[in-house]
Amino acid sequence: MLKRALDITVSLIGLILLSPFFLIIALLIRLDSPGPVIFSQARVGKNGKLFPLYKFRSMIQDADMLRKPLSKGELSAVSFQQKDDPRITRLGRFLRRGFDELPGLLNVLKGEMSLVGPRPEVPDIASLYSDREKIRLKVKPGITGLAIIKGRGDLTIQQTLEWDIYYVEHRSFWLDINILFATLWVVLVTGKGAR
């Protein structure tokens, strides 16, 4: 109940206070490249339930069409985010420090996500999880999480999964608070792992 109260409070206040910033980002995205301002994609949530994830578009239009499908054997070696991904727009390189995730506050308010948790994965990757890796689906996905502050784009999917499993097995309200403050440092100061 405490976690949900934090989610509702922070997401509601964030959406209100950041609304002028949202308008500026929306304008810059439209000026930077053709396509919608908001990118929506089906992601796997708690207990495997699909939901539409909202983000500011940081890639070219229809970038999903250019991503090759993965096989189980490839999963452990793939990076969480591709280095120097040619699909990312000029503005997108800045937004991907973490600002592109801000529309996800709406997902949090709707109860589909939490502020902190494993990042929601696309269905084709989630379908390759082992039984152990499916542990991450026992909780709501988050806008941020341990994998984000531990390296995000510098991590392989396997390393990301290990941090997610650790979070699920050790989650607490105070761990969430620590992750939220660490996320602010990573997004606003270091930019570690942003791609």
# chains A, B, ... in the order shown; residues from 1 in each chain; ligands from 1
call {"tool": "select_by_dssp", "arguments": {"residues": "segment 9-172 of chain A", "states": "alpha helix (DSSP H)", "output": "short mmCIF file (atom, residue, chain, number, x, y, z; two decimals) with N, CA and C atoms, in the first residue's frame"}}
result
data_model
loop_
_atom_site.label_atom_id
_atom_site.label_comp_id
_atom_site.auth_asym_id
_atom_site.auth_seq_id
_atom_site.Cartn_x
_atom_site.Cartn_y
_atom_site.Cartn_z
N THR A 9 1.23 9.40 -5.79
CA THR A 9 1.61 10.76 -5.40
C THR A 9 2.66 11.34 -6.33
N VAL A 10 3.73 10.58 -6.54
CA VAL A 10 4.85 11.09 -7.36
C VAL A 10 4.44 11.23 -8.82
N SER A 11 3.71 10.24 -9.36
CA SER A 11 3.33 10.32 -10.77
C SER A 11 2.35 11.46 -11.02
N LEU A 12 1.41 11.67 -10.11
CA LEU A 12 0.44 12.75 -10.28
C LEU A 12 1.12 14.12 -10.18
N ILE A 13 1.95 14.30 -9.16
CA ILE A 13 2.68 15.57 -9.02
C ILE A 13 3.62 15.78 -10.19
N GLY A 14 4.30 14.70 -10.60
CA GLY A 14 5.23 14.79 -11.72
C GLY A 14 4.55 15.20 -13.01
N LEU A 15 3.40 14.58 -13.30
CA LEU A 15 2.68 14.92 -14.53
C LEU A 15 2.22 16.37 -14.53
N ILE A 16 1.82 16.88 -13.36
CA ILE A 16 1.37 18.28 -13.26
C ILE A 16 2.55 19.25 -13.40
N LEU A 17 3.60 19.02 -12.60
CA LEU A 17 4.74 19.94 -12.60
C LEU A 17 5.53 19.91 -13.90
N SER A 19 4.37 19.21 -16.92
CA SER A 19 3.57 19.43 -18.14
C SER A 19 4.15 20.51 -19.06
N PRO A 20 4.69 21.64 -18.55
CA PRO A 20 5.31 22.60 -19.47
C PRO A 20 6.54 22.01 -20.17
N PHE A 21 7.31 21.22 -19.43
CA PHE A 21 8.48 20.55 -19.99
C PHE A 21 8.05 19.55 -21.07
N PHE A 22 6.94 18.86 -20.84
CA PHE A 22 6.40 17.91 -21.82
C PHE A 22 6.08 18.63 -23.13
N LEU A 23 5.48 19.82 -23.03
CA LEU A 23 5.11 20.57 -24.23
C LEU A 23 6.35 20.98 -25.02
N ILE A 24 7.40 21.39 -24.32
CA ILE A 24 8.65 21.77 -24.98
C ILE A 24 9.27 20.57 -25.69
N ILE A 25 9.31 19.42 -25.00
CA ILE A 25 9.87 18.21 -25.61
C ILE A 25 9.05 17.81 -26.84
N ALA A 26 7.72 17.89 -26.72
CA ALA A 26 6.84 17.53 -27.84
C ALA A 26 7.15 18.40 -29.07
N LEU A 27 7.31 19.69 -28.85
CA LEU A 27 7.63 20.61 -29.94
C LEU A 27 8.97 20.27 -30.57
N LEU A 28 9.97 20.01 -29.74
CA LEU A 28 11.31 19.68 -30.25
C LEU A 28 11.32 18.38 -31.03
N ILE A 29 10.55 17.39 -30.58
CA ILE A 29 10.47 16.12 -31.30
C ILE A 29 9.87 16.33 -32.69
N ARG A 30 8.81 17.15 -32.76
CA ARG A 30 8.16 17.41 -34.05
C ARG A 30 9.09 18.15 -35.00
N LEU A 31 9.93 19.03 -34.44
CA LEU A 31 10.87 19.78 -35.27
C LEU A 31 12.07 18.92 -35.71
N ASP A 32 12.39 17.93 -34.89
CA ASP A 32 13.59 17.12 -35.13
C ASP A 32 13.39 16.05 -36.20
N LYS A 72 16.63 -17.88 -28.61
CA LYS A 72 17.02 -18.14 -27.23
C LYS A 72 18.54 -18.11 -27.07
N GLY A 73 19.25 -18.63 -28.03
CA GLY A 73 20.70 -18.68 -27.94
C GLY A 73 21.36 -17.31 -27.95
N GLU A 74 20.68 -16.33 -28.55
CA GLU A 74 21.26 -14.99 -28.65
C GLU A 74 20.96 -14.13 -27.42
N LEU A 75 19.95 -14.50 -26.66
CA LEU A 75 19.45 -13.64 -25.60
C LEU A 75 20.52 -13.22 -24.61
N ARG A 90 18.52 12.71 -33.52
CA ARG A 90 19.47 13.63 -32.88
C ARG A 90 18.98 14.02 -31.48
N LEU A 91 17.72 14.43 -31.39
CA LEU A 91 17.16 14.78 -30.09
C LEU A 91 17.05 13.55 -29.19
N GLY A 92 16.80 12.41 -29.81
CA GLY A 92 16.66 11.17 -29.06
C GLY A 92 17.88 10.82 -28.23
N ARG A 93 19.06 11.20 -28.70
CA ARG A 93 20.29 10.90 -27.95
C ARG A 93 20.28 11.61 -26.60
N PHE A 94 19.70 12.80 -26.58
CA PHE A 94 19.55 13.52 -25.31
C PHE A 94 18.41 12.94 -24.48
N LEU A 95 17.29 12.70 -25.12
CA LEU A 95 16.12 12.20 -24.40
C LEU A 95 16.39 10.86 -23.72
N GLY A 104 5.80 7.62 -19.11
CA GLY A 104 5.50 6.41 -18.36
C GLY A 104 4.86 6.71 -17.01
N LEU A 105 4.95 7.96 -16.55
CA LEU A 105 4.25 8.34 -15.32
C LEU A 105 2.74 8.10 -15.45
N LEU A 106 2.23 8.19 -16.68
CA LEU A 106 0.82 7.89 -16.92
C LEU A 106 0.55 6.40 -16.70
N ASN A 107 1.50 5.54 -17.14
CA ASN A 107 1.37 4.10 -16.89
C ASN A 107 1.37 3.81 -15.39
N VAL A 108 2.18 4.58 -14.65
CA VAL A 108 2.24 4.39 -13.20
C VAL A 108 0.92 4.80 -12.57
N LEU A 109 0.39 5.95 -12.99
CA LEU A 109 -0.87 6.44 -12.44
C LEU A 109 -2.01 5.45 -12.73
N LYS A 110 -1.97 4.82 -13.90
CA LYS A 110 -3.00 3.85 -14.29
C LYS A 110 -2.84 2.52 -13.56
N PRO A 123 7.32 -8.39 -25.78
CA PRO A 123 6.86 -9.78 -25.69
C PRO A 123 7.81 -10.82 -26.29
N ASP A 124 8.47 -10.50 -27.43
CA ASP A 124 9.30 -11.53 -28.06
C ASP A 124 10.53 -11.86 -27.22
N ILE A 125 11.03 -10.90 -26.46
CA ILE A 125 12.16 -11.19 -25.56
C ILE A 125 11.66 -11.90 -24.30
N ALA A 126 10.55 -11.42 -23.74
CA ALA A 126 10.00 -12.05 -22.54
C ALA A 126 9.63 -13.51 -22.78
N LEU A 146 17.05 -1.26 -10.51
CA LEU A 146 18.47 -1.50 -10.24
C LEU A 146 19.30 -1.56 -11.51
N ALA A 147 18.77 -2.19 -12.55
CA ALA A 147 19.53 -2.31 -13.80
C ALA A 147 19.80 -0.94 -14.42
N ILE A 148 18.90 0.01 -14.21
CA ILE A 148 19.09 1.36 -14.75
C ILE A 148 20.26 2.05 -14.06
N ILE A 149 20.33 1.95 -12.75
CA ILE A 149 21.38 2.67 -12.02
C ILE A 149 22.70 1.89 -12.01
N ILE A 157 21.49 -8.20 -21.70
CA ILE A 157 20.16 -8.56 -21.21
C ILE A 157 20.28 -9.50 -20.02
N GLN A 158 21.25 -10.41 -20.07
CA GLN A 158 21.41 -11.35 -18.96
C GLN A 158 21.77 -10.63 -17.66
N GLN A 159 22.67 -9.65 -17.74
CA GLN A 159 23.03 -8.87 -16.55
C GLN A 159 21.83 -8.08 -16.04
N THR A 160 21.06 -7.53 -16.97
CA THR A 160 19.84 -6.80 -16.59
C THR A 160 18.87 -7.71 -15.86
N LEU A 161 18.69 -8.91 -16.38
CA LEU A 161 17.79 -9.88 -15.76
C LEU A 161 18.25 -10.23 -14.34
N GLU A 162 19.56 -10.36 -14.14
CA GLU A 162 20.09 -10.70 -12.81
C GLU A 162 19.79 -9.58 -11.81
N TRP A 163 19.97 -8.33 -12.23
CA TRP A 163 19.64 -7.22 -11.34
C TRP A 163 18.15 -7.17 -11.05
N ASP A 164 17.33 -7.47 -12.07
CA ASP A 164 15.88 -7.49 -11.87
C ASP A 164 15.46 -8.57 -10.88
N ILE A 165 16.05 -9.75 -11.01
CA ILE A 165 15.74 -10.84 -10.09
C ILE A 165 16.17 -10.48 -8.67
N TYR A 166 17.34 -9.86 -8.56
CA TYR A 166 17.81 -9.42 -7.23
C TYR A 166 16.80 -8.45 -6.62
N TYR A 167 16.31 -7.52 -7.44
CA TYR A 167 15.33 -6.55 -6.93
C TYR A 167 14.07 -7.26 -6.43
N VAL A 168 13.54 -8.17 -7.24
CA VAL A 168 12.31 -8.86 -6.85
C VAL A 168 12.49 -9.60 -5.53
N GLU A 169 13.67 -10.21 -5.36
CA GLU A 169 13.92 -11.02 -4.16
C GLU A 169 14.25 -10.18 -2.93
N HIS A 170 14.64 -8.92 -3.12
CA HIS A 170 15.05 -8.06 -2.00
C HIS A 170 14.25 -6.75 -1.92
#
call {"tool": "residues_around", "arguments": {"residues": "Thr190 of chain A", "least_positions_apart": "6", "cutoff": "12 Å", "atoms": "only C-alpha atoms", "output": "PyMOL selection string"}}
result
chain A and resi 97-98+149-151+182-184
call {"tool": "closest_residue", "arguments": {"among": "A:Ala42, A:Ile60, A:Leu53, A:Ile8", "to": "Leu115 of chain A", "atoms": "only C-alpha atoms"}}
result
A:Ile8
call {"tool": "closest_residue", "arguments": {"among": "A:Trp185, A:Arg171, A:Arg119, A:Asp154", "to": "Gly45 of chain A", "atoms": "only C-alpha atoms"}}
result
A:Arg119
